[in-house]
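Student: To start, I am sharing the structure in question, which I have written as structure tokens.
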Amino acid sequence: MKRKKIIIAVSALALIMTTYFPIKKIIGKVNFMTDWGKVLNNDSKSKTEDAQRQNGINYRISAFGTDSNNIVSNEDIFEVGNDILISNQEIEVAKAFYILQGQNEKDAEQAAIKYVEEYNAMYVEAVNNGYNVTEKEIDEYVTDLKVMAEQAENSYDVKKVIDQFDSEDEYWNYQKNICKKQLPVQKYVKSLEQEYATDIGEKIDSVEKTAMWNSELNNIKEAAAKKQQYKKMDAINKIDKKFEVKKEL
């Protein structure tokens, strides 16, 4: 059986539609995978530093769901939503991706903000609609990713990303943490797509159906982001106590 190419999963930025960024070839960007691996490694270390931070005020990144175990310090909050917080680091990672894909800094930042706002809002919608994830599901998903990475036709691309981490275990532990948000969104989007396909029936050809669904999904993402009523951190006097992490005495 011919081996298939695997598209690299990309941290907290897994696209809502497929949970992957569409990696395109960029002239002159022969080190894309290496550079992207460095971005992810820095993101991994940043999350570890946040988890270990003792000074200042810490907040849960989400008011509920498995991702509520992840914390962010007050100085690293970019925006505050009704049910979820967006960190500066999330924006920077997304921005770095778009820059690596060839966008200028201004366009990359705008695209990053839109993407991260929608992705986080969709996580809230997923949890509110009963889509969460267990540690067992995360372990099984990452185990499958490992097998795919080893057997993929472009396994060398995966290796370039992994090699930027201090160890392979660190890379896969990082992916496990990312799955806390990624998998609920993935489940939710899949259920919405199945429901939409049922509603529009079988008479429409697959190409048109895909285009219609993509348009519908964009509307859903925009509506979810609007519901969060995001506000810049510097415009907030006080963050709701439901996000606060109480220090142990």
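Numbering starts fresh at 1 for the residues of each chain in the structure tokens, the chains themselves are lettered A, B, ... in the order given, and ligands are numbered from 1 as they appear.
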Would you kindly return, as a PyMOL selection string, each protein, DNA or RNA residue with an atom no farther than 10 Å from any atom of Lys242 (chain A), considering only C-alpha atoms and excluding same-chain residues fewer than 4 positions away?
Tutor: chain A and resi 59-60+62-64+83
Student: Write the residues of the selection above to a file with N, CA and C atoms, as a compact mmCIF listing (two decimals), in the first residue's frame.
Tutor:
```
# COMPACT_ATOMS: atom_id res chain seq x y z
N TYR A 59 -4.23 32.99 35.66
CA TYR A 59 -5.61 32.75 35.27
C TYR A 59 -5.70 31.48 34.44
N ARG A 60 -6.85 30.82 34.58
CA ARG A 60 -7.14 29.68 33.72
C ARG A 60 -7.43 30.21 32.32
N SER A 62 -9.23 28.95 30.12
CA SER A 62 -10.65 28.75 29.82
C SER A 62 -11.42 28.60 31.13
N ALA A 63 -12.67 29.03 31.11
CA ALA A 63 -13.50 28.92 32.31
C ALA A 63 -13.93 27.49 32.57
N PHE A 64 -13.84 26.63 31.57
CA PHE A 64 -14.27 25.24 31.74
C PHE A 64 -13.62 24.35 30.70
N ASP A 83 -15.81 33.75 28.04
CA ASP A 83 -15.57 32.42 28.61
C ASP A 83 -14.15 31.92 28.39
```
Student: Would you pick out the contacts of region 215-230 of chain A at 6 Å or less, using only C-alpha atoms, so that residues sharing its chain but fewer than 6 positions from it are not included, and give the list as a list in words?
Tutor: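 Using only C-alpha atoms, the neighbours found are Val80, Gly81, Asn82, Glu117, Glu118 and Ala121 of chain A.
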Student: Which residues of region 169-199 of chain A have any atom within 12 Å of an atom in region 37-49 of chain A when counting only C-alpha atoms, and what is the closest pair of atoms for each, with the distance in Å to one decimal? Order the rows by chain and rising number and write it as a tab-separated table.
Tutor:
```
residue	atom	partner	partner_atom	distance
A:Glu170	CA	A:Ser44	CA	8.4
A:Tyr171	CA	A:Asn41	CA	7.7
A:Trp172	CA	A:Ser44	CA	10.6
A:Asn173	CA	A:Ser44	CA	9.2
A:Tyr174	CA	A:Ser44	CA	6.1
A:Gln175	CA	A:Ser44	CA	9.2
A:Lys176	CA	A:Ser44	CA	11.1
A:Asn177	CA	A:Ser44	CA	9.3
A:Ile178	CA	A:Ser44	CA	9.7
```
Student: Hey, can you check how far CA of Asn58 (chain A) sits from CA of Phe78 (chain A)?
Tutor: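 Computing the Euclidean distance for CA of Asn58 (chain A) and CA of Phe78 (chain A) yields 13.8 Å.
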Student: Using only C-alpha atoms, pick whichever of A:Tyr123, A:Thr198, A:Leu85, A:Gln182 has the shortest atom-to-atom distance to Trp213 (chain A).
Tutor: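 For Trp213 (chain A), the nearest of the candidates is A:Thr198.
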Student: When distances are computed from only C-alpha atoms, which of A:Asp169, A:Glu135, A:Asp76, A:Asp163 shows the smallest separation from Glu92 (chain A)?
Tutor: A:Asp76
Student: Which residues are close to region 156-161 of chain A, i.e. within 8 Å by only C-alpha atoms, leaving aside same-chain residues fewer than 5 positions away? Reply as a PyMOL selection string.
Tutor: chain A and resi 8+33-38+149
Student: Could you jot down the CA of Asn88 (chain A) to CA of Asp234 (chain A) separation for me, Å, one decimal place?
Tutor: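 Separation of CA of Asn88 (chain A) and CA of Asp234 (chain A): 12.4 Å.
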Student: Between A:Ala152, A:Ala94, A:Leu145, A:Val245, which has the minimum distance to Asn69 (chain A) (counting only C-alpha atoms)?
Tutor: A:Val245
Student: Please extract the residues of region 98-219 of chain A with a backbone DSSP assignment of helix (DSSP H, G or I) and present them as a count of residues only.
Tutor: 99
Student: Quick one: residues within 10 Å of Lys95 (chain A), only C-alpha atoms, excluding same-chain residues fewer than 4 positions away - as number ranges by chain?
Tutor: A: 89-91, 99-101, 103-113, 115-116
Student: Kindly export the residues of the current selection with C-alpha atoms, as a PDB file, in the first residue's frame.
Tutor:
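Final file, out.pdb:
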```pdb
ATOM      1  CA  GLN A  89       1.863  33.766  22.925  1.00  0.00           C
ATOM      2  CA  GLU A  90      -1.039  32.303  20.940  1.00  0.00           C
ATOM      3  CA  ILE A  91      -1.089  35.385  18.749  1.00  0.00           C
ATOM      4  CA  ILE A  99       4.932  35.155   8.207  1.00  0.00           C
ATOM      5  CA  LEU A 100       6.619  31.846   7.359  1.00  0.00           C
ATOM      6  CA  GLN A 101       3.955  31.412   4.693  1.00  0.00           C
ATOM      7  CA  GLN A 103       2.709  37.331   4.562  1.00  0.00           C
ATOM      8  CA  ASN A 104       4.019  40.682   5.718  1.00  0.00           C
ATOM      9  CA  GLU A 105       3.975  41.427   9.444  1.00  0.00           C
ATOM     10  CA  LYS A 106       0.835  43.593   9.408  1.00  0.00           C
ATOM     11  CA  ASP A 107      -1.259  41.119   7.409  1.00  0.00           C
ATOM     12  CA  ALA A 108       0.108  38.213   9.439  1.00  0.00           C
ATOM     13  CA  GLU A 109      -0.926  39.855  12.706  1.00  0.00           C
ATOM     14  CA  GLN A 110      -4.455  40.566  11.456  1.00  0.00           C
ATOM     15  CA  ALA A 111      -4.833  37.002  10.192  1.00  0.00           C
ATOM     16  CA  ALA A 112      -3.453  35.629  13.474  1.00  0.00           C
ATOM     17  CA  ILE A 113      -5.876  37.604  15.633  1.00  0.00           C
ATOM     18  CA  TYR A 115      -7.811  32.917  13.539  1.00  0.00           C
ATOM     19  CA  VAL A 116      -7.057  32.682  17.273  1.00  0.00           C
TER      20      VAL A 116
END
```
Student: Could you please determine the separation between CA of Ser155 (chain A) and CA of Glu137 (chain A) in Å, to one decimal place?
Tutor: 23.7 Å
Student: Under the rule that only C-alpha atoms are counted, which of A:Lys187, A:Asp166, A:Phe97, A:Glu153 is the nearest residue to Glu125 (chain A)?
Tutor: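 Looking only at the distances to Glu125 (chain A), the closest residue turns out to be A:Lys187.
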